[in-house]
Amino acid sequence: RHLDAMTQRYGDTVAINLVDESGVEGPICEAFRSTIACAYRGCLGSLVPDEWGDSDTPGLSVRYIGFDFHSECGSMASKKGSVSLSRFLSTLEPHMERHGLFFQPAPAHAEEVVNSTQKGVFRVNCIDCLDRTNVFESAASLHAFLQQLATLGLIGEDELAASVFSLRNGYRIPCHRIEREFKHMWANMGDRVSVQYAGTGALKGDFTRSGKRTIQGVLADGLSSVKRAVQNNFADVYRQQVLDCMHGVPQQ
């Protein structure tokens, strides 16, 4: 039902699962994968756009792609992990191109003109859709942001091509200031969401901001993990009761 609603609202949906394929998270990963495979036959794998077929046909508008974030990037999200994530994103470029973007220039007259519309989305998850999801979505959104700037004429095609090449290989893009400001803005947004959900800022925030881990970032993550453990065991029950009361959920 969830994916059906997404395809009806947003179009083609690529479900990207960042959960570990082994260990404690393994059964959850396999259950999610098998559930989607049963509901949407032929959805597994990263197929090129021409193989999607008619998006109105049930089962052809959803694709499932697994990416074991901790295995590919390492739990510490090192520089090597940044390159692995960049290479994974490069395999998703055909989907990004198929999805396109919404573009409506300022009309010269009263009549509004829409040049292009977005035809699909990435639906990303990890276990709590927080830290790993934020890192991946930051990287994917930077790709989309550069394409938007090129569409608006704010960067040239040569700058776009050089930036895409840099991102594919884990380098900083030529537009250093754009990349820095975008990543800091995204990381700050992730911190705000994480505070609402987990009581602390997002983990791996240094990786989101700079593409590499730092000693300060590792220590900050350790402190945040301790705070989250305390929050989960002593404060979340009361907070959930308050939310239930506000939403009119009967108390047990």
# chains A, B, ... in the order shown; residues from 1 in each chain; ligands from 1
call {"tool": "residues_around", "arguments": {"residues": "A:Cys175", "least_positions_apart": "6", "cutoff": "10 Å", "atoms": "only C-alpha atoms", "output": "PyMOL selection string"}}
result
chain A and resi 146+155+159-160+162-163
call {"tool": "write_last_selection", "arguments": {"atoms": "N, CA, C and O atoms", "output": "short mmCIF file (atom, residue, chain, number, x, y, z; two decimals), in the first residue's frame"}}
result
data_model
loop_
_atom_site.label_atom_id
_atom_site.label_comp_id
_atom_site.auth_asym_id
_atom_site.auth_seq_id
_atom_site.Cartn_x
_atom_site.Cartn_y
_atom_site.Cartn_z
N LEU A 146 23.04 20.25 -8.56
CA LEU A 146 23.90 20.73 -9.64
C LEU A 146 23.14 20.75 -10.96
O LEU A 146 23.30 21.67 -11.77
N ILE A 155 25.24 27.63 -13.70
CA ILE A 155 26.55 27.05 -14.00
C ILE A 155 26.49 26.52 -15.43
O ILE A 155 25.42 26.15 -15.93
N GLU A 159 31.06 23.13 -16.42
CA GLU A 159 31.15 23.04 -14.96
C GLU A 159 30.33 21.87 -14.43
O GLU A 159 30.75 21.17 -13.50
N LEU A 160 29.17 21.63 -15.03
CA LEU A 160 28.33 20.51 -14.62
C LEU A 160 29.03 19.19 -14.88
O LEU A 160 29.07 18.31 -14.01
N ALA A 162 32.26 18.64 -15.22
CA ALA A 162 33.41 18.50 -14.33
C ALA A 162 32.97 18.14 -12.92
O ALA A 162 33.62 17.34 -12.23
N SER A 163 31.87 18.72 -12.47
CA SER A 163 31.36 18.44 -11.13
C SER A 163 30.88 16.99 -11.01
O SER A 163 31.15 16.31 -10.02
#
call {"tool": "residues_around", "arguments": {"residues": "A:Gln240", "least_positions_apart": "4", "cutoff": "12 Å", "atoms": "only C-alpha atoms", "output": "count of residues only"}}
result
12
call {"tool": "select_by_dssp", "arguments": {"residues": "stretch 76-169 of chain A", "states": "helix (DSSP H, G or I)", "output": "compact mmCIF listing (two decimals) with N, CA, C and O atoms, in the first residue's frame"}}
result
# COMPACT_ATOMS: atom_id res chain seq x y z
N LYS A 79 37.27 7.93 3.94
CA LYS A 79 37.42 8.47 2.58
C LYS A 79 37.13 7.39 1.55
O LYS A 79 36.50 7.65 0.53
N LYS A 80 37.57 6.16 1.83
CA LYS A 80 37.26 5.04 0.94
C LYS A 80 35.75 4.85 0.84
O LYS A 80 35.22 4.55 -0.22
N GLY A 81 35.06 5.03 1.97
CA GLY A 81 33.61 4.93 1.97
C GLY A 81 32.97 5.99 1.11
O GLY A 81 31.96 5.75 0.45
N SER A 82 33.56 7.19 1.10
CA SER A 82 33.04 8.27 0.28
C SER A 82 33.13 7.91 -1.20
O SER A 82 32.20 8.18 -1.97
N VAL A 83 34.24 7.27 -1.58
CA VAL A 83 34.40 6.85 -2.98
C VAL A 83 33.39 5.76 -3.32
O VAL A 83 32.78 5.77 -4.40
N SER A 84 33.17 4.80 -2.39
CA SER A 84 32.20 3.73 -2.63
C SER A 84 30.79 4.29 -2.81
O SER A 84 30.05 3.86 -3.70
N LEU A 85 30.44 5.28 -1.99
CA LEU A 85 29.12 5.89 -2.10
C LEU A 85 29.00 6.65 -3.42
O LEU A 85 27.96 6.59 -4.09
N SER A 86 30.06 7.33 -3.82
CA SER A 86 30.03 8.06 -5.08
C SER A 86 29.87 7.12 -6.27
O SER A 86 29.12 7.42 -7.21
N ARG A 87 30.54 5.98 -6.22
CA ARG A 87 30.43 5.02 -7.32
C ARG A 87 29.03 4.41 -7.36
O ARG A 87 28.50 4.13 -8.44
N PHE A 88 28.45 4.17 -6.19
CA PHE A 88 27.09 3.66 -6.16
C PHE A 88 26.12 4.67 -6.77
O PHE A 88 25.23 4.32 -7.55
N LEU A 89 26.31 5.94 -6.43
CA LEU A 89 25.45 6.98 -6.99
C LEU A 89 25.58 7.05 -8.51
O LEU A 89 24.61 7.35 -9.21
N SER A 90 26.79 6.79 -9.02
CA SER A 90 26.98 6.85 -10.47
C SER A 90 26.14 5.78 -11.17
O SER A 90 25.70 5.97 -12.31
N THR A 91 25.90 4.63 -10.49
CA THR A 91 25.06 3.60 -11.09
C THR A 91 23.59 4.00 -11.10
O THR A 91 22.78 3.41 -11.82
N GLU A 93 22.60 7.09 -11.88
CA GLU A 93 22.41 8.24 -12.77
C GLU A 93 21.35 8.00 -13.85
O GLU A 93 20.60 8.93 -14.18
N PRO A 94 21.24 6.77 -14.43
CA PRO A 94 20.14 6.56 -15.39
C PRO A 94 18.77 6.80 -14.78
O PRO A 94 17.87 7.32 -15.45
N HIS A 95 18.60 6.43 -13.51
CA HIS A 95 17.32 6.67 -12.84
C HIS A 95 17.10 8.17 -12.62
O HIS A 95 15.99 8.68 -12.79
N MET A 96 18.17 8.87 -12.22
CA MET A 96 18.05 10.32 -12.02
C MET A 96 17.66 11.01 -13.32
O MET A 96 16.81 11.91 -13.34
N GLU A 97 18.29 10.55 -14.41
CA GLU A 97 17.98 11.15 -15.72
C GLU A 97 16.54 10.87 -16.12
O GLU A 97 15.84 11.75 -16.65
N ARG A 98 16.08 9.66 -15.85
CA ARG A 98 14.69 9.32 -16.18
C ARG A 98 13.72 10.13 -15.33
O ARG A 98 12.69 10.60 -15.83
N HIS A 99 14.03 10.30 -14.05
CA HIS A 99 13.13 11.04 -13.16
C HIS A 99 13.02 12.51 -13.56
O HIS A 99 11.95 13.11 -13.45
N ASP A 131 20.53 8.41 10.24
CA ASP A 131 21.93 8.76 9.99
C ASP A 131 22.42 8.30 8.62
O ASP A 131 22.88 9.11 7.81
N ARG A 132 22.34 7.02 8.32
CA ARG A 132 22.77 6.52 7.01
C ARG A 132 21.92 7.13 5.89
O ARG A 132 22.44 7.50 4.84
N THR A 133 20.62 7.23 6.14
CA THR A 133 19.73 7.82 5.14
C THR A 133 20.12 9.25 4.86
O THR A 133 20.13 9.70 3.71
N ASN A 134 20.47 10.00 5.91
CA ASN A 134 20.84 11.41 5.73
C ASN A 134 22.12 11.55 4.91
O ASN A 134 22.22 12.43 4.05
N VAL A 135 23.10 10.67 5.16
CA VAL A 135 24.36 10.72 4.41
C VAL A 135 24.10 10.44 2.93
O VAL A 135 24.57 11.17 2.05
N PHE A 136 23.33 9.39 2.64
CA PHE A 136 23.05 9.05 1.24
C PHE A 136 22.26 10.15 0.56
O PHE A 136 22.58 10.56 -0.57
N GLU A 137 21.20 10.63 1.20
CA GLU A 137 20.35 11.63 0.57
C GLU A 137 21.09 12.95 0.36
O GLU A 137 20.82 13.68 -0.60
N SER A 138 22.04 13.25 1.22
CA SER A 138 22.86 14.45 1.02
C SER A 138 23.66 14.33 -0.28
O SER A 138 23.70 15.26 -1.09
N ALA A 139 24.28 13.17 -0.48
CA ALA A 139 25.09 12.96 -1.69
C ALA A 139 24.21 12.95 -2.94
O ALA A 139 24.55 13.58 -3.96
N ALA A 140 23.07 12.27 -2.89
CA ALA A 140 22.18 12.20 -4.05
C ALA A 140 21.60 13.56 -4.37
O ALA A 140 21.46 13.94 -5.55
N SER A 141 21.27 14.33 -3.34
CA SER A 141 20.66 15.64 -3.55
C SER A 141 21.65 16.64 -4.14
O SER A 141 21.25 17.54 -4.87
N LEU A 142 22.94 16.47 -3.83
CA LEU A 142 23.94 17.35 -4.43
C LEU A 142 23.98 17.14 -5.94
O LEU A 142 24.10 18.11 -6.71
N HIS A 143 23.86 15.89 -6.40
CA HIS A 143 23.78 15.61 -7.84
C HIS A 143 22.60 16.36 -8.45
O HIS A 143 22.73 17.03 -9.49
N ALA A 144 21.43 16.24 -7.81
CA ALA A 144 20.23 16.87 -8.34
C ALA A 144 20.35 18.40 -8.29
O ALA A 144 19.90 19.09 -9.22
N PHE A 145 20.96 18.91 -7.24
CA PHE A 145 21.10 20.36 -7.09
C PHE A 145 21.96 20.95 -8.20
O PHE A 145 21.65 22.01 -8.76
N LEU A 146 23.04 20.25 -8.56
CA LEU A 146 23.90 20.73 -9.64
C LEU A 146 23.14 20.75 -10.96
O LEU A 146 23.30 21.67 -11.77
N GLN A 147 22.30 19.73 -11.18
CA GLN A 147 21.50 19.69 -12.41
C GLN A 147 20.51 20.85 -12.43
O GLN A 147 20.27 21.46 -13.48
N GLN A 148 19.94 21.18 -11.28
CA GLN A 148 19.03 22.32 -11.20
C GLN A 148 19.74 23.63 -11.52
O GLN A 148 19.21 24.48 -12.23
N LEU A 149 20.96 23.79 -10.98
CA LEU A 149 21.72 25.01 -11.26
C LEU A 149 22.03 25.14 -12.75
O LEU A 149 21.96 26.24 -13.31
N ALA A 150 22.36 24.00 -13.39
CA ALA A 150 22.64 24.03 -14.83
C ALA A 150 21.38 24.38 -15.61
O ALA A 150 21.43 25.13 -16.60
N THR A 151 20.24 23.82 -15.20
CA THR A 151 18.98 24.11 -15.89
C THR A 151 18.64 25.59 -15.79
O THR A 151 18.12 26.19 -16.73
N GLU A 157 27.57 24.02 -18.81
CA GLU A 157 27.60 22.59 -19.06
C GLU A 157 28.97 22.01 -18.73
O GLU A 157 29.08 20.88 -18.24
N ASP A 158 30.04 22.78 -19.01
CA ASP A 158 31.38 22.30 -18.69
C ASP A 158 31.57 22.15 -17.18
O ASP A 158 32.15 21.17 -16.70
N GLU A 159 31.06 23.13 -16.42
CA GLU A 159 31.15 23.04 -14.96
C GLU A 159 30.33 21.87 -14.43
O GLU A 159 30.75 21.17 -13.50
N LEU A 160 29.17 21.63 -15.03
CA LEU A 160 28.33 20.51 -14.62
C LEU A 160 29.03 19.19 -14.88
O LEU A 160 29.07 18.31 -14.01
N ALA A 161 29.60 19.05 -16.08
CA ALA A 161 30.30 17.81 -16.43
C ALA A 161 31.49 17.57 -15.51
O ALA A 161 31.72 16.43 -15.05
N ALA A 162 32.26 18.64 -15.22
CA ALA A 162 33.41 18.50 -14.33
C ALA A 162 32.97 18.14 -12.92
O ALA A 162 33.62 17.34 -12.23
N SER A 163 31.87 18.72 -12.47
CA SER A 163 31.36 18.44 -11.13
C SER A 163 30.88 16.99 -11.01
O SER A 163 31.15 16.31 -10.02
N VAL A 164 30.15 16.51 -12.03
CA VAL A 164 29.66 15.13 -12.02
C VAL A 164 30.84 14.16 -12.02
O VAL A 164 30.84 13.15 -11.29
N PHE A 165 31.85 14.45 -12.83
CA PHE A 165 33.06 13.60 -12.86
C PHE A 165 33.72 13.57 -11.48
O PHE A 165 34.13 12.50 -11.00
N SER A 166 33.81 14.72 -10.83
CA SER A 166 34.43 14.79 -9.50
C SER A 166 33.64 13.99 -8.48
O SER A 166 34.21 13.25 -7.67
N LEU A 167 32.32 14.11 -8.52
CA LEU A 167 31.48 13.38 -7.58
C LEU A 167 31.59 11.87 -7.80
O LEU A 167 31.60 11.09 -6.84
N ARG A 168 31.67 11.45 -9.06
CA ARG A 168 31.78 10.01 -9.36
C ARG A 168 33.04 9.42 -8.76
O ARG A 168 33.07 8.24 -8.39
call {"tool": "atom_distance", "arguments": {"atom1": "atom CA of A:Ser22", "atom2": "atom CA of A:Leu130"}}
result
19.6 Å
call {"tool": "atom_distance", "arguments": {"atom1": "atom CA of A:Ile28", "atom2": "atom CA of A:Cys126"}}
result
10.2 Å
call {"tool": "closest_residue", "arguments": {"among": "A:Glu25, A:Glu179, A:Val14, A:Leu219", "to": "A:Phe122", "atoms": "only C-alpha atoms"}}
result
A:Val14
call {"tool": "closest_residue", "arguments": {"among": "A:Arg209, A:Arg228, A:Asp20, A:His184", "to": "A:Gly74", "atoms": "only C-alpha atoms"}}
result
A:Asp20
call {"tool": "atom_distance", "arguments": {"atom1": "atom CA of A:Ala31", "atom2": "atom CA of A:Ser71"}}
result
18.8 Å
call {"tool": "closest_residue", "arguments": {"among": "A:Leu92, A:Leu18, A:Ile36, A:Val121", "to": "A:Glu72", "atoms": "only C-alpha atoms"}}
result
A:Leu18
call {"tool": "select_by_dssp", "arguments": {"residues": "stretch 100-251 of chain A", "states": "strand (DSSP E or B)", "output": "PyMOL selection string"}}
result
chain A and resi 103+116+120-125
call {"tool": "write_last_selection", "arguments": {"atoms": "all heavy atoms", "output": "compact mmCIF listing (two decimals), in the first residue's frame"}}
result
# COMPACT_ATOMS: atom_id res chain seq x y z
N PHE A 103 10.71 22.11 -13.61
CA PHE A 103 11.27 23.40 -14.00
C PHE A 103 10.18 24.26 -14.60
O PHE A 103 9.57 23.91 -15.61
CB PHE A 103 12.40 23.21 -15.01
CG PHE A 103 12.98 24.51 -15.50
CD1 PHE A 103 13.41 25.49 -14.61
CD2 PHE A 103 13.10 24.77 -16.85
CE1 PHE A 103 13.93 26.69 -15.06
CE2 PHE A 103 13.62 25.96 -17.32
CZ PHE A 103 14.04 26.92 -16.41
N SER A 116 9.32 21.32 -17.69
CA SER A 116 9.53 19.90 -17.41
C SER A 116 8.97 19.56 -16.04
O SER A 116 8.85 20.43 -15.17
CB SER A 116 11.03 19.55 -17.45
OG SER A 116 11.73 20.23 -16.43
N GLY A 120 9.72 10.82 -11.04
CA GLY A 120 10.02 9.73 -10.12
C GLY A 120 10.85 10.20 -8.94
O GLY A 120 11.30 11.35 -8.90
N VAL A 121 11.04 9.30 -7.96
CA VAL A 121 11.76 9.64 -6.74
C VAL A 121 12.59 8.44 -6.28
O VAL A 121 12.36 7.30 -6.68
CB VAL A 121 10.80 10.04 -5.60
CG1 VAL A 121 10.08 11.33 -5.92
CG2 VAL A 121 9.80 8.92 -5.30
N PHE A 122 13.55 8.73 -5.38
CA PHE A 122 14.22 7.70 -4.61
C PHE A 122 13.53 7.59 -3.25
O PHE A 122 13.28 8.60 -2.60
CB PHE A 122 15.69 8.04 -4.38
CG PHE A 122 16.54 7.96 -5.62
CD1 PHE A 122 17.67 8.74 -5.73
CD2 PHE A 122 16.21 7.10 -6.63
CE1 PHE A 122 18.46 8.67 -6.87
CE2 PHE A 122 16.99 7.02 -7.78
CZ PHE A 122 18.13 7.80 -7.90
N ARG A 123 13.21 6.38 -2.85
CA ARG A 123 12.63 6.13 -1.53
C ARG A 123 13.71 5.42 -0.73
O ARG A 123 14.02 4.25 -0.96
CB ARG A 123 11.37 5.30 -1.66
CG ARG A 123 10.64 5.03 -0.34
CD ARG A 123 10.86 3.62 0.10
NE ARG A 123 10.15 3.32 1.33
CZ ARG A 123 10.69 2.61 2.30
NH1 ARG A 123 11.92 2.14 2.20
NH2 ARG A 123 9.98 2.34 3.38
N VAL A 124 14.35 6.12 0.21
CA VAL A 124 15.55 5.64 0.88
C VAL A 124 15.24 5.28 2.33
O VAL A 124 14.49 5.99 3.01
CB VAL A 124 16.66 6.72 0.85
CG1 VAL A 124 17.98 6.14 1.38
CG2 VAL A 124 16.85 7.26 -0.56
N ASN A 125 15.82 4.19 2.79
CA ASN A 125 15.66 3.82 4.20
C ASN A 125 16.90 3.12 4.74
O ASN A 125 17.65 2.49 3.99
CB ASN A 125 14.44 2.90 4.39
CG ASN A 125 14.72 1.50 3.90
OD1 ASN A 125 14.54 1.19 2.72
ND2 ASN A 125 15.15 0.61 4.80
